[in-house]
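Raw contents of upload_14.cif, mmCIF, C-alpha atoms:
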```
data_data
#
loop_
_atom_site.group_PDB
_atom_site.id
_atom_site.type_symbol
_atom_site.label_atom_id
_atom_site.label_comp_id
_atom_site.auth_asym_id
_atom_site.auth_seq_id
_atom_site.Cartn_x
_atom_site.Cartn_y
_atom_site.Cartn_z
ATOM 1 C CA MET A 620 27.985 -0.098 4.146
ATOM 2 C CA SER A 621 27.436 1.700 7.453
ATOM 3 C CA ASN A 622 26.811 5.187 6.110
ATOM 4 C CA LEU A 623 23.839 4.740 3.789
ATOM 5 C CA GLY A 624 24.105 8.081 2.100
ATOM 6 C CA SER A 625 23.426 10.408 5.080
ATOM 7 C CA SER A 626 25.341 13.598 4.151
ATOM 8 C CA LEU A 627 24.817 13.090 0.431
ATOM 9 C CA PRO A 628 24.403 16.512 -1.210
ATOM 10 C CA ASP A 629 21.800 15.530 -3.800
ATOM 11 C CA ALA A 630 19.907 12.677 -5.395
ATOM 12 C CA THR A 631 22.572 12.206 -8.074
ATOM 13 C CA ALA A 632 25.238 11.649 -5.445
ATOM 14 C CA ALA A 633 22.892 9.308 -3.621
ATOM 15 C CA ALA A 634 22.401 7.322 -6.793
ATOM 16 C CA GLU A 635 26.160 6.785 -7.038
ATOM 17 C CA LYS A 636 26.401 5.572 -3.453
ATOM 18 C CA LEU A 637 23.202 3.698 -2.655
ATOM 19 C CA ARG A 638 22.196 0.349 -4.071
ATOM 20 C CA ILE A 639 18.452 -0.092 -3.679
ATOM 21 C CA GLY A 640 16.531 -3.339 -3.530
ATOM 22 C CA PHE A 641 12.780 -3.594 -4.194
ATOM 23 C CA VAL A 642 10.780 -6.752 -3.559
ATOM 24 C CA GLY A 643 7.088 -6.992 -4.419
ATOM 25 C CA LEU A 644 6.156 -5.456 -7.772
ATOM 26 C CA GLY A 645 2.378 -5.311 -7.816
ATOM 27 C CA ILE A 646 0.044 -2.376 -8.445
ATOM 28 C CA MET A 647 1.996 -0.223 -5.968
ATOM 29 C CA GLY A 648 5.502 -1.656 -5.896
ATOM 30 C CA SER A 649 6.121 -1.511 -9.627
ATOM 31 C CA PRO A 650 5.529 2.257 -10.104
ATOM 32 C CA MET A 651 7.388 3.032 -6.867
ATOM 33 C CA ALA A 652 10.458 1.121 -8.042
ATOM 34 C CA GLN A 653 10.111 2.673 -11.484
ATOM 35 C CA ASN A 654 10.329 6.171 -10.002
ATOM 36 C CA LEU A 655 13.574 5.253 -8.235
ATOM 37 C CA ILE A 656 15.056 3.868 -11.456
ATOM 38 C CA LYS A 657 14.040 6.981 -13.401
ATOM 39 C CA SER A 658 15.737 9.102 -10.741
ATOM 40 C CA GLY A 659 19.030 7.376 -11.456
ATOM 41 C CA TYR A 660 19.201 4.887 -8.619
ATOM 42 C CA ASP A 661 20.831 1.471 -8.931
ATOM 43 C CA VAL A 662 17.811 -0.784 -8.290
ATOM 44 C CA THR A 663 17.680 -4.579 -7.954
ATOM 45 C CA VAL A 664 14.246 -6.209 -8.035
ATOM 46 C CA TRP A 665 12.461 -9.457 -7.157
ATOM 47 C CA ASN A 666 8.872 -10.636 -7.438
ATOM 48 C CA ARG A 667 7.224 -14.046 -6.988
ATOM 49 C CA THR A 668 6.026 -13.811 -10.592
ATOM 50 C CA LYS A 669 9.227 -12.941 -12.441
ATOM 51 C CA SER A 670 7.405 -11.537 -15.487
ATOM 52 C CA LYS A 671 6.397 -8.526 -13.380
ATOM 53 C CA CYS A 672 10.097 -7.670 -13.105
ATOM 54 C CA ASP A 673 10.589 -7.499 -16.875
ATOM 55 C CA PRO A 674 9.332 -3.917 -17.465
ATOM 56 C CA LEU A 675 11.680 -2.682 -14.731
ATOM 57 C CA ILE A 676 14.593 -4.719 -16.059
ATOM 58 C CA ASN A 677 13.952 -3.064 -19.416
ATOM 59 C CA LEU A 678 14.301 0.304 -17.656
ATOM 60 C CA GLY A 679 17.678 -0.709 -16.238
ATOM 61 C CA ALA A 680 16.905 -2.622 -13.053
ATOM 62 C CA LYS A 681 18.894 -5.708 -12.092
ATOM 63 C CA TYR A 682 17.200 -8.955 -11.072
ATOM 64 C CA LYS A 683 17.917 -11.484 -8.331
ATOM 65 C CA PRO A 684 16.002 -14.754 -7.869
ATOM 66 C CA SER A 685 15.236 -14.338 -4.150
ATOM 67 C CA PRO A 686 14.678 -11.612 -1.526
ATOM 68 C CA GLN A 687 17.781 -12.919 0.262
ATOM 69 C CA GLU A 688 19.977 -12.224 -2.760
ATOM 70 C CA VAL A 689 18.416 -8.783 -3.269
ATOM 71 C CA ALA A 690 19.098 -7.794 0.341
ATOM 72 C CA ALA A 691 22.620 -9.207 0.203
ATOM 73 C CA CYS A 692 23.651 -7.035 -2.733
ATOM 74 C CA CYS A 693 21.845 -3.832 -1.727
ATOM 75 C CA ASP A 694 22.298 -1.167 0.930
ATOM 76 C CA VAL A 695 18.572 -0.594 1.475
ATOM 77 C CA THR A 696 15.767 -2.983 0.512
ATOM 78 C CA PHE A 697 12.140 -1.899 0.156
ATOM 79 C CA ALA A 698 9.297 -4.422 0.402
ATOM 80 C CA MET A 699 5.733 -3.905 -0.862
ATOM 81 C CA LEU A 700 3.651 -7.027 -0.252
ATOM 82 C CA ALA A 701 -0.090 -7.631 -0.410
ATOM 83 C CA ASP A 702 -0.786 -8.825 3.140
ATOM 84 C CA PRO A 703 0.805 -9.596 6.531
ATOM 85 C CA GLU A 704 1.458 -13.239 5.642
ATOM 86 C CA SER A 705 3.354 -12.336 2.462
ATOM 87 C CA ALA A 706 5.254 -9.527 4.171
ATOM 88 C CA LEU A 707 6.393 -11.868 6.951
ATOM 89 C CA ASP A 708 7.338 -14.656 4.561
ATOM 90 C CA VAL A 709 9.342 -12.421 2.216
ATOM 91 C CA ALA A 710 11.178 -10.863 5.159
ATOM 92 C CA THR A 711 11.776 -13.876 7.378
ATOM 93 C CA GLY A 712 10.927 -17.061 5.450
ATOM 94 C CA GLU A 713 13.203 -19.397 3.523
ATOM 95 C CA ASN A 714 15.455 -17.312 1.256
ATOM 96 C CA GLY A 715 13.849 -14.264 2.846
ATOM 97 C CA ALA A 716 15.420 -10.823 2.947
ATOM 98 C CA ALA A 717 16.620 -11.198 6.538
ATOM 99 C CA SER A 718 18.972 -13.988 5.421
ATOM 100 C CA GLY A 719 20.783 -11.485 3.204
ATOM 101 C CA LEU A 720 20.948 -8.597 5.690
ATOM 102 C CA SER A 721 23.900 -7.628 7.857
ATOM 103 C CA PRO A 722 25.002 -4.664 9.998
ATOM 104 C CA GLY A 723 24.858 -1.381 8.084
ATOM 105 C CA LYS A 724 22.074 -2.456 5.739
ATOM 106 C CA GLY A 725 18.468 -1.287 5.971
ATOM 107 C CA TYR A 726 15.052 -2.870 5.373
ATOM 108 C CA VAL A 727 12.028 -0.659 4.716
ATOM 109 C CA ASP A 728 8.652 -2.423 4.685
ATOM 110 C CA VAL A 729 6.082 -0.287 2.892
ATOM 111 C CA SER A 730 3.388 -2.998 3.012
ATOM 112 C CA THR A 731 0.174 -2.498 4.984
ATOM 113 C CA VAL A 732 0.278 -4.956 7.884
ATOM 114 C CA ASP A 733 -0.887 -5.093 11.485
ATOM 115 C CA GLY A 734 1.381 -3.847 14.266
ATOM 116 C CA ALA A 735 2.109 -7.338 15.587
ATOM 117 C CA THR A 736 3.382 -8.491 12.186
ATOM 118 C CA SER A 737 5.482 -5.364 11.796
ATOM 119 C CA LYS A 738 7.075 -5.973 15.202
ATOM 120 C CA LEU A 739 7.836 -9.580 14.273
ATOM 121 C CA ILE A 740 9.536 -8.469 11.060
ATOM 122 C CA SER A 741 11.404 -5.735 12.919
ATOM 123 C CA ALA A 742 12.760 -8.152 15.530
ATOM 124 C CA ARG A 743 14.047 -10.558 12.871
ATOM 125 C CA ILE A 744 15.648 -7.749 10.870
ATOM 126 C CA LYS A 745 17.279 -6.265 13.982
ATOM 127 C CA ASP A 746 18.712 -9.693 14.860
ATOM 128 C CA THR A 747 20.855 -9.414 11.721
ATOM 129 C CA GLY A 748 22.283 -6.080 12.860
ATOM 130 C CA ALA A 749 20.441 -4.236 10.085
ATOM 131 C CA LEU A 750 18.116 -1.261 10.605
ATOM 132 C CA PHE A 751 14.346 -1.463 10.144
ATOM 133 C CA LEU A 752 11.694 1.055 9.164
ATOM 134 C CA GLU A 753 8.008 0.366 8.669
ATOM 135 C CA ALA A 754 6.635 2.800 6.120
ATOM 136 C CA PRO A 755 3.136 1.912 4.898
ATOM 137 C CA VAL A 756 1.811 4.322 2.306
ATOM 138 C CA SER A 757 -1.407 6.257 1.971
ATOM 139 C CA GLY A 758 -2.323 6.457 -1.701
ATOM 140 C CA SER A 759 -3.175 4.068 -4.519
ATOM 141 C CA LYS A 760 -2.035 3.346 -8.074
ATOM 142 C CA LYS A 761 -2.098 6.877 -9.552
ATOM 143 C CA PRO A 762 -0.315 8.552 -6.603
ATOM 144 C CA ALA A 763 2.276 5.751 -6.750
ATOM 145 C CA GLU A 764 2.843 6.434 -10.447
ATOM 146 C CA ASP A 765 3.042 10.191 -9.878
ATOM 147 C CA GLY A 766 5.332 10.006 -6.825
ATOM 148 C CA GLN A 767 2.562 11.473 -4.650
ATOM 149 C CA LEU A 768 2.327 8.878 -1.871
ATOM 150 C CA ILE A 769 2.232 9.660 1.869
ATOM 151 C CA PHE A 770 4.659 7.606 3.962
ATOM 152 C CA LEU A 771 3.690 6.725 7.532
ATOM 153 C CA THR A 772 6.976 5.615 9.048
ATOM 154 C CA ALA A 773 8.174 4.243 12.367
ATOM 155 C CA GLY A 774 11.259 2.450 13.610
ATOM 156 C CA ASP A 775 14.923 3.345 13.318
ATOM 157 C CA LYS A 776 15.165 7.128 13.031
ATOM 158 C CA ALA A 777 18.626 6.855 11.493
ATOM 159 C CA LEU A 778 17.269 4.763 8.639
ATOM 160 C CA TYR A 779 14.358 7.182 8.197
ATOM 161 C CA GLU A 780 16.848 10.024 7.719
ATOM 162 C CA ARG A 781 18.998 7.994 5.324
ATOM 163 C CA VAL A 782 16.120 7.009 3.057
ATOM 164 C CA ALA A 783 14.390 10.407 3.174
ATOM 165 C CA PRO A 784 15.604 11.310 -0.356
ATOM 166 C CA LEU A 785 14.093 8.057 -1.646
ATOM 167 C CA LEU A 786 10.785 8.670 0.112
ATOM 168 C CA ASP A 787 10.728 12.167 -1.387
ATOM 169 C CA ILE A 788 11.032 10.676 -4.880
ATOM 170 C CA MET A 789 8.212 8.195 -4.322
ATOM 171 C CA GLY A 790 5.977 10.441 -2.245
ATOM 172 C CA LYS A 791 4.795 13.968 -1.522
ATOM 173 C CA SER A 792 5.050 13.771 2.255
ATOM 174 C CA LYS A 793 6.388 11.610 5.056
ATOM 175 C CA PHE A 794 5.671 11.319 8.763
ATOM 176 C CA TYR A 795 7.918 9.792 11.417
ATOM 177 C CA LEU A 796 5.687 8.340 14.123
ATOM 178 C CA GLY A 797 8.109 6.805 16.621
ATOM 179 C CA GLU A 798 8.307 3.147 17.557
ATOM 180 C CA VAL A 799 7.505 0.217 15.269
ATOM 181 C CA GLY A 800 3.781 -0.446 15.175
ATOM 182 C CA ASN A 801 2.757 3.197 15.048
ATOM 183 C CA GLY A 802 3.086 3.407 11.274
ATOM 184 C CA ALA A 803 0.987 0.272 10.846
ATOM 185 C CA ALA A 804 -1.635 1.568 13.271
ATOM 186 C CA MET A 805 -1.889 4.952 11.535
ATOM 187 C CA LYS A 806 -2.321 3.285 8.131
ATOM 188 C CA LEU A 807 -5.060 0.995 9.425
ATOM 189 C CA VAL A 808 -6.951 3.910 10.988
ATOM 190 C CA VAL A 809 -6.714 5.884 7.727
ATOM 191 C CA ASN A 810 -7.918 2.942 5.640
ATOM 192 C CA MET A 811 -10.683 2.175 8.121
ATOM 193 C CA ILE A 812 -12.013 5.713 7.618
ATOM 194 C CA MET A 813 -11.629 5.390 3.846
ATOM 195 C CA GLY A 814 -13.530 2.096 3.687
ATOM 196 C CA SER A 815 -16.404 3.524 5.697
ATOM 197 C CA MET A 816 -16.476 6.682 3.570
ATOM 198 C CA MET A 817 -16.712 4.664 0.364
ATOM 199 C CA ALA A 818 -19.514 2.505 1.757
ATOM 200 C CA SER A 819 -21.517 5.562 2.818
ATOM 201 C CA PHE A 820 -20.890 7.274 -0.527
ATOM 202 C CA SER A 821 -22.168 4.135 -2.279
ATOM 203 C CA GLU A 822 -25.398 4.280 -0.268
ATOM 204 C CA GLY A 823 -25.861 7.921 -1.234
ATOM 205 C CA LEU A 824 -25.318 7.303 -4.961
ATOM 206 C CA LEU A 825 -27.854 4.474 -5.038
ATOM 207 C CA LEU A 826 -30.419 6.293 -2.916
ATOM 208 C CA SER A 827 -30.207 9.432 -5.065
ATOM 209 C CA GLU A 828 -30.837 7.393 -8.203
ATOM 210 C CA LYS A 829 -33.735 5.443 -6.648
ATOM 211 C CA VAL A 830 -35.598 8.605 -5.665
ATOM 212 C CA GLY A 831 -35.207 10.046 -9.152
ATOM 213 C CA LEU A 832 -32.163 12.269 -8.718
ATOM 214 C CA ASP A 833 -29.175 12.352 -11.063
ATOM 215 C CA PRO A 834 -26.296 10.744 -9.131
ATOM 216 C CA SER A 835 -23.749 12.644 -11.241
ATOM 217 C CA ILE A 836 -25.177 15.891 -9.881
ATOM 218 C CA LEU A 837 -24.905 14.447 -6.362
ATOM 219 C CA VAL A 838 -21.186 13.977 -7.015
ATOM 220 C CA GLN A 839 -20.926 17.639 -8.027
ATOM 221 C CA VAL A 840 -22.864 18.828 -4.980
ATOM 222 C CA VAL A 841 -20.749 16.742 -2.610
ATOM 223 C CA SER A 842 -17.524 17.935 -4.251
ATOM 224 C CA GLN A 843 -18.378 21.575 -3.493
ATOM 225 C CA GLY A 844 -19.380 21.163 0.136
ATOM 226 C CA ALA A 845 -17.687 20.601 3.473
ATOM 227 C CA ILE A 846 -17.677 16.824 2.945
ATOM 228 C CA SER A 847 -15.782 17.104 -0.334
ATOM 229 C CA ALA A 848 -13.066 14.478 -0.778
ATOM 230 C CA PRO A 849 -10.963 13.847 -3.898
ATOM 231 C CA MET A 850 -11.981 10.189 -3.712
ATOM 232 C CA TYR A 851 -15.642 11.056 -4.389
ATOM 233 C CA SER A 852 -14.921 13.151 -7.468
ATOM 234 C CA LEU A 853 -12.425 10.584 -8.759
ATOM 235 C CA LYS A 854 -14.485 7.431 -8.210
ATOM 236 C CA GLY A 855 -18.072 8.715 -8.484
ATOM 237 C CA PRO A 856 -18.408 9.022 -12.271
ATOM 238 C CA SER A 857 -17.155 5.484 -12.944
ATOM 239 C CA MET A 858 -19.209 4.037 -10.070
ATOM 240 C CA ILE A 859 -22.349 5.502 -11.655
ATOM 241 C CA GLN A 860 -21.448 3.557 -14.812
ATOM 242 C CA SER A 861 -20.743 0.389 -12.796
ATOM 243 C CA LEU A 862 -17.078 0.544 -13.803
ATOM 244 C CA TYR A 863 -14.379 -0.207 -11.238
ATOM 245 C CA PRO A 864 -10.884 0.064 -12.765
ATOM 246 C CA THR A 865 -8.560 -1.209 -10.067
ATOM 247 C CA ALA A 866 -6.485 1.370 -8.241
ATOM 248 C CA PHE A 867 -6.871 -0.210 -4.798
ATOM 249 C CA PRO A 868 -8.199 -3.793 -4.866
ATOM 250 C CA LEU A 869 -11.373 -4.417 -2.901
ATOM 251 C CA LYS A 870 -9.825 -7.472 -1.226
ATOM 252 C CA HIS A 871 -7.106 -5.237 0.224
ATOM 253 C CA GLN A 872 -9.639 -2.737 1.551
ATOM 254 C CA GLN A 873 -11.501 -5.555 3.279
ATOM 255 C CA LYS A 874 -8.230 -6.910 4.680
ATOM 256 C CA ASP A 875 -7.399 -3.483 6.103
ATOM 257 C CA LEU A 876 -10.855 -3.157 7.655
ATOM 258 C CA ARG A 877 -10.428 -6.593 9.231
ATOM 259 C CA LEU A 878 -7.040 -5.604 10.659
ATOM 260 C CA ALA A 879 -8.379 -2.237 11.856
ATOM 261 C CA LEU A 880 -11.269 -3.949 13.633
ATOM 262 C CA GLY A 881 -8.750 -6.238 15.304
ATOM 263 C CA LEU A 882 -6.743 -3.209 16.403
ATOM 264 C CA ALA A 883 -9.884 -1.594 17.820
ATOM 265 C CA GLU A 884 -10.795 -4.801 19.643
ATOM 266 C CA SER A 885 -7.337 -4.910 21.242
ATOM 267 C CA VAL A 886 -7.986 -1.596 22.999
ATOM 268 C CA SER A 887 -11.763 -2.059 23.476
ATOM 269 C CA GLN A 888 -12.644 0.800 21.128
ATOM 270 C CA PRO A 889 -16.144 0.526 19.599
ATOM 271 C CA THR A 890 -16.094 0.840 15.787
ATOM 272 C CA PRO A 891 -19.673 -0.006 14.710
ATOM 273 C CA ILE A 892 -19.550 1.984 11.447
ATOM 274 C CA ALA A 893 -16.373 0.253 10.262
ATOM 275 C CA ALA A 894 -17.765 -3.121 11.331
ATOM 276 C CA ALA A 895 -20.873 -2.580 9.220
ATOM 277 C CA ALA A 896 -18.796 -1.420 6.256
ATOM 278 C CA ASN A 897 -16.596 -4.490 6.555
ATOM 279 C CA GLU A 898 -19.659 -6.723 6.074
ATOM 280 C CA LEU A 899 -20.438 -4.960 2.785
ATOM 281 C CA TYR A 900 -16.909 -5.572 1.482
ATOM 282 C CA LYS A 901 -17.201 -9.229 2.489
ATOM 283 C CA VAL A 902 -20.439 -9.512 0.488
ATOM 284 C CA ALA A 903 -18.714 -7.915 -2.516
ATOM 285 C CA LYS A 904 -15.824 -10.377 -2.200
ATOM 286 C CA SER A 905 -18.254 -13.296 -2.101
ATOM 287 C CA HIS A 906 -19.612 -12.146 -5.464
ATOM 288 C CA GLY A 907 -16.223 -12.276 -7.185
ATOM 289 C CA LEU A 908 -15.290 -8.603 -6.885
ATOM 290 C CA SER A 909 -12.046 -9.060 -4.905
ATOM 291 C CA ASP A 910 -9.759 -7.857 -7.675
ATOM 292 C CA HIS A 911 -11.959 -4.946 -8.727
ATOM 293 C CA ASP A 912 -11.389 -1.503 -7.258
ATOM 294 C CA PHE A 913 -12.714 -1.091 -3.716
ATOM 295 C CA SER A 914 -15.384 1.260 -5.092
ATOM 296 C CA ALA A 915 -17.087 -1.927 -6.359
ATOM 297 C CA VAL A 916 -18.441 -2.255 -2.817
ATOM 298 C CA ILE A 917 -21.439 -0.369 -4.232
ATOM 299 C CA GLU A 918 -22.445 -3.624 -5.958
ATOM 300 C CA SER A 919 -23.115 -5.231 -2.566
ATOM 301 C CA LEU A 920 -25.894 -2.670 -2.020
ATOM 302 C CA LYS A 921 -27.692 -3.287 -5.301
ATOM 303 C CA SER A 922 -30.781 -5.496 -5.302
ATOM 304 C CA LYS A 923 -29.380 -7.549 -8.173
ATOM 305 C CA LEU A 924 -25.735 -8.414 -7.736
ATOM 306 C CA PRO A 925 -23.578 -9.222 -10.783
ATOM 307 C CA HIS A 926 -23.291 -12.876 -11.706
ATOM 308 C CA SER A 927 -19.615 -13.662 -11.482
ATOM 309 C CA LYS A 928 -17.634 -16.510 -10.097
ATOM 310 C CA THR A 929 -17.518 -16.837 -6.367
ATOM 311 C CA GLU A 930 -14.032 -17.060 -4.906
#
```

For the file at hand, write its structure as structure tokens.
Amino acid sequence: MSNLGSSLPDATAAAEKLRIGFVGLGIMGSPMAQNLIKSGYDVTVWNRTKSKCDPLINLGAKYKPSPQEVAACCDVTFAMLADPESALDVATGENGAASGLSPGKGYVDVSTVDGATSKLISARIKDTGALFLEAPVSGSKKPAEDGQLIFLTAGDKALYERVAPLLDIMGKSKFYLGEVGNGAAMKLVVNMIMGSMMASFSEGLLLSEKVGLDPSILVQVVSQGAISAPMYSLKGPSMIQSLYPTAFPLKHQQKDLRLALGLAESVSQPTPIAAAANELYKVAKSHGLSDHDFSAVIESLKSKLPHSKTE
């Protein structure tokens, strides 16, 4: 299908024309796909653990047993994988999506990967004659559920324009950043800043408590000043209670810091704050906090770390 819905008057018309694939149904992928289904789109799903597909199948999604088969039966396939290795394997590995692509189809990778991986995926997708767009997202579980993500896209402009109605359903804003690699780079810079912010915030919460201040009042003070950030108001109260319900897994934050530090190294840009923050996330991971929310990094700064299994 060469005209993937460009010139469609509305989302309803798009739903009649476009068949959407979605591979990778974790914390982010599942609510993103769910929003497309609820908007009336014909969605076909795949996930390594098939049980994660069941709630979407119950909402009306179709299922295929491999990324290749999803891509083969859909006009546009979205991929949301946990790391560069998974993203590359699902796109280009055995029974990968690329095997099911052909001219006129599109592949949109919304995973957070490094630029080199994104370029590898792009080259393999383009070899099939299909179009490619990298579109990592800024936002975690709740924004994904609410359709409030920010898409940082790069690659084929024609595909960007064709999937714009889909991005508008899943997100609140979208940026087109040019050639493949730019979307990945922007996402890594954003998450590098976020990881450092959370580490610094953790230091402040613990210091305030140790000198006899009420950390909950610190959260209020911070939220009303120039350094206010929604993340502080959202995460602070639960962090004070040592609760870390997972919206963005700590292991993914550390992975993004690692990739961002690699990006900085490639252009000889000093990033000492991010490097220090990365060490704190590594300590937290070593104490079994990988699958907790990234705000659990605060535990790595406490004198007595929780006793939990080491990964």

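The nearest approach to A:Thr747 among the residues A:Ile769, A:Pro722, A:Val727, A:Leu880, with only C-alpha atoms taken into account, belongs to A:Pro722.
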
Enumerate, as a short mmCIF file (atom, residue, chain, number, x, y, z; two decimals) with C-alpha atoms, in the coordinates of the input, the residues matched when the PyMOL selection byres ((chain A and resi 873) around 9) is run on the file above.
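expr_14.cif was written with the following content:
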```cif
data_model
loop_
_atom_site.label_atom_id
_atom_site.label_comp_id
_atom_site.auth_asym_id
_atom_site.auth_seq_id
_atom_site.Cartn_x
_atom_site.Cartn_y
_atom_site.Cartn_z
CA GLY A 814 -13.53 2.10 3.69
CA PRO A 868 -8.20 -3.79 -4.87
CA LEU A 869 -11.37 -4.42 -2.90
CA LYS A 870 -9.82 -7.47 -1.23
CA HIS A 871 -7.11 -5.24 0.22
CA GLN A 872 -9.64 -2.74 1.55
CA LYS A 874 -8.23 -6.91 4.68
CA ASP A 875 -7.40 -3.48 6.10
CA LEU A 876 -10.86 -3.16 7.66
CA ARG A 877 -10.43 -6.59 9.23
CA LEU A 878 -7.04 -5.60 10.66
CA ALA A 896 -18.80 -1.42 6.26
CA ASN A 897 -16.60 -4.49 6.56
CA GLU A 898 -19.66 -6.72 6.07
CA LEU A 899 -20.44 -4.96 2.78
CA TYR A 900 -16.91 -5.57 1.48
CA LYS A 901 -17.20 -9.23 2.49
CA LYS A 904 -15.82 -10.38 -2.20
CA SER A 909 -12.05 -9.06 -4.90
CA PHE A 913 -12.71 -1.09 -3.72
#
```

Item to check | Resolved residues for the PyMOL selection byres ((chain A and resi 726) around 10) as a list of chain:residue names | outcome: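 Applied to this file, the PyMOL selection byres ((chain A and resi 726) around 10) returns A:Gly640, A:Phe641, A:Ala690, A:Cys693, A:Asp694, A:Val695, A:Thr696, A:Phe697, A:Ala698, A:Ala710, A:Ala716, A:Ala717, A:Leu720, A:Lys724, A:Gly725, A:Val727, A:Asp728, A:Val729, A:Ile740, A:Ser741, A:Ile744, A:Lys745, A:Ala749, A:Leu750, A:Phe751, A:Leu752, A:Glu753, A:Leu778.
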
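Selection around (-4.1, 3.5, 3.1) with radius 10 Å, counting only C-alpha atoms, yields the residues Ser730, Thr731, Pro755, Val756, Ser757, Gly758, Ser759, Leu768, Ile769, Phe770, Leu771, Ala803, Met805, Lys806, Leu807, Val808, Val809, Asn810, Met811, Ile812, Met813, Gly814, Phe867, His871, Gln872 and Asp875 of chain A.
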
Could you give me the axis-aligned bounding box of stretch 680-696 of chain A, with 4 Å of padding per side, as centre plus edge lengths in Å to one decimal, as AutoDock Vina command-line options?
```
--center_x 19.2 --center_y -7.7 --center_z -5.8 --size_x 17.0 --size_y 22.2 --size_z 22.5
```

Next on the checklist: Taking all atoms listed in the file into account, name the residue in A:Val838, A:Ala903, A:Val886, A:Val689 that is nearest to A:Ser857.
Outcome noted: A:Val838

Next on the checklist: the PyMOL selection byres ((chain A and resi 650-656) around 7) - which residues does that actually catch in the file I just gave you? List them as a VMD selection string.
Outcome noted: chain A and resid 641 647 to 649 657 to 662 675 680 763 to 764 788 to 789

Next on the checklist: Could you check which residues have any atom within 12 Å of (13.6, -9.4, -14.8), counting all atoms listed in the file with coordinates taken straight from the file, and then list them as a PyMOL selection string?
Outcome noted: chain A and resi 642+644+662-685

Item to check | d(atom CA of A:Lys761, atom CA of A:Val799) in Å | outcome: 27.4 Å

Any chance you could build stretch 733-746 of chain A out to N, CA and C atoms and write it as a short mmCIF file (atom, residue, chain, number, x, y, z; two decimals), in the coordinates of the input?
```
data_model
loop_
_atom_site.label_atom_id
_atom_site.label_comp_id
_atom_site.auth_asym_id
_atom_site.auth_seq_id
_atom_site.Cartn_x
_atom_site.Cartn_y
_atom_site.Cartn_z
N ASP A 733 -0.53 -5.44 10.11
CA ASP A 733 -0.89 -5.09 11.48
C ASP A 733 0.38 -4.87 12.30
N GLY A 734 0.23 -4.18 13.44
CA GLY A 734 1.38 -3.85 14.27
C GLY A 734 2.15 -5.06 14.75
N ALA A 735 1.44 -6.14 15.09
CA ALA A 735 2.11 -7.34 15.59
C ALA A 735 3.03 -7.93 14.53
N THR A 736 2.56 -7.97 13.28
CA THR A 736 3.38 -8.49 12.19
C THR A 736 4.59 -7.60 11.96
N SER A 737 4.38 -6.30 12.00
CA SER A 737 5.48 -5.36 11.80
C SER A 737 6.56 -5.55 12.87
N LYS A 738 6.12 -5.77 14.10
CA LYS A 738 7.08 -5.97 15.20
C LYS A 738 7.84 -7.28 15.05
N LEU A 739 7.16 -8.32 14.54
CA LEU A 739 7.84 -9.58 14.27
C LEU A 739 8.93 -9.41 13.22
N ILE A 740 8.57 -8.72 12.13
CA ILE A 740 9.54 -8.47 11.06
C ILE A 740 10.69 -7.64 11.59
N SER A 741 10.38 -6.60 12.36
CA SER A 741 11.40 -5.74 12.92
C SER A 741 12.40 -6.52 13.77
N ALA A 742 11.88 -7.38 14.64
CA ALA A 742 12.76 -8.15 15.53
C ALA A 742 13.71 -9.03 14.74
N ARG A 743 13.19 -9.68 13.69
CA ARG A 743 14.05 -10.56 12.87
C ARG A 743 15.09 -9.75 12.11
N ILE A 744 14.70 -8.60 11.60
CA ILE A 744 15.65 -7.75 10.87
C ILE A 744 16.73 -7.24 11.82
N LYS A 745 16.33 -6.82 13.01
CA LYS A 745 17.28 -6.26 13.98
C LYS A 745 18.27 -7.34 14.45
N ASP A 746 17.82 -8.59 14.47
CA ASP A 746 18.71 -9.69 14.86
C ASP A 746 19.91 -9.80 13.93
#
```
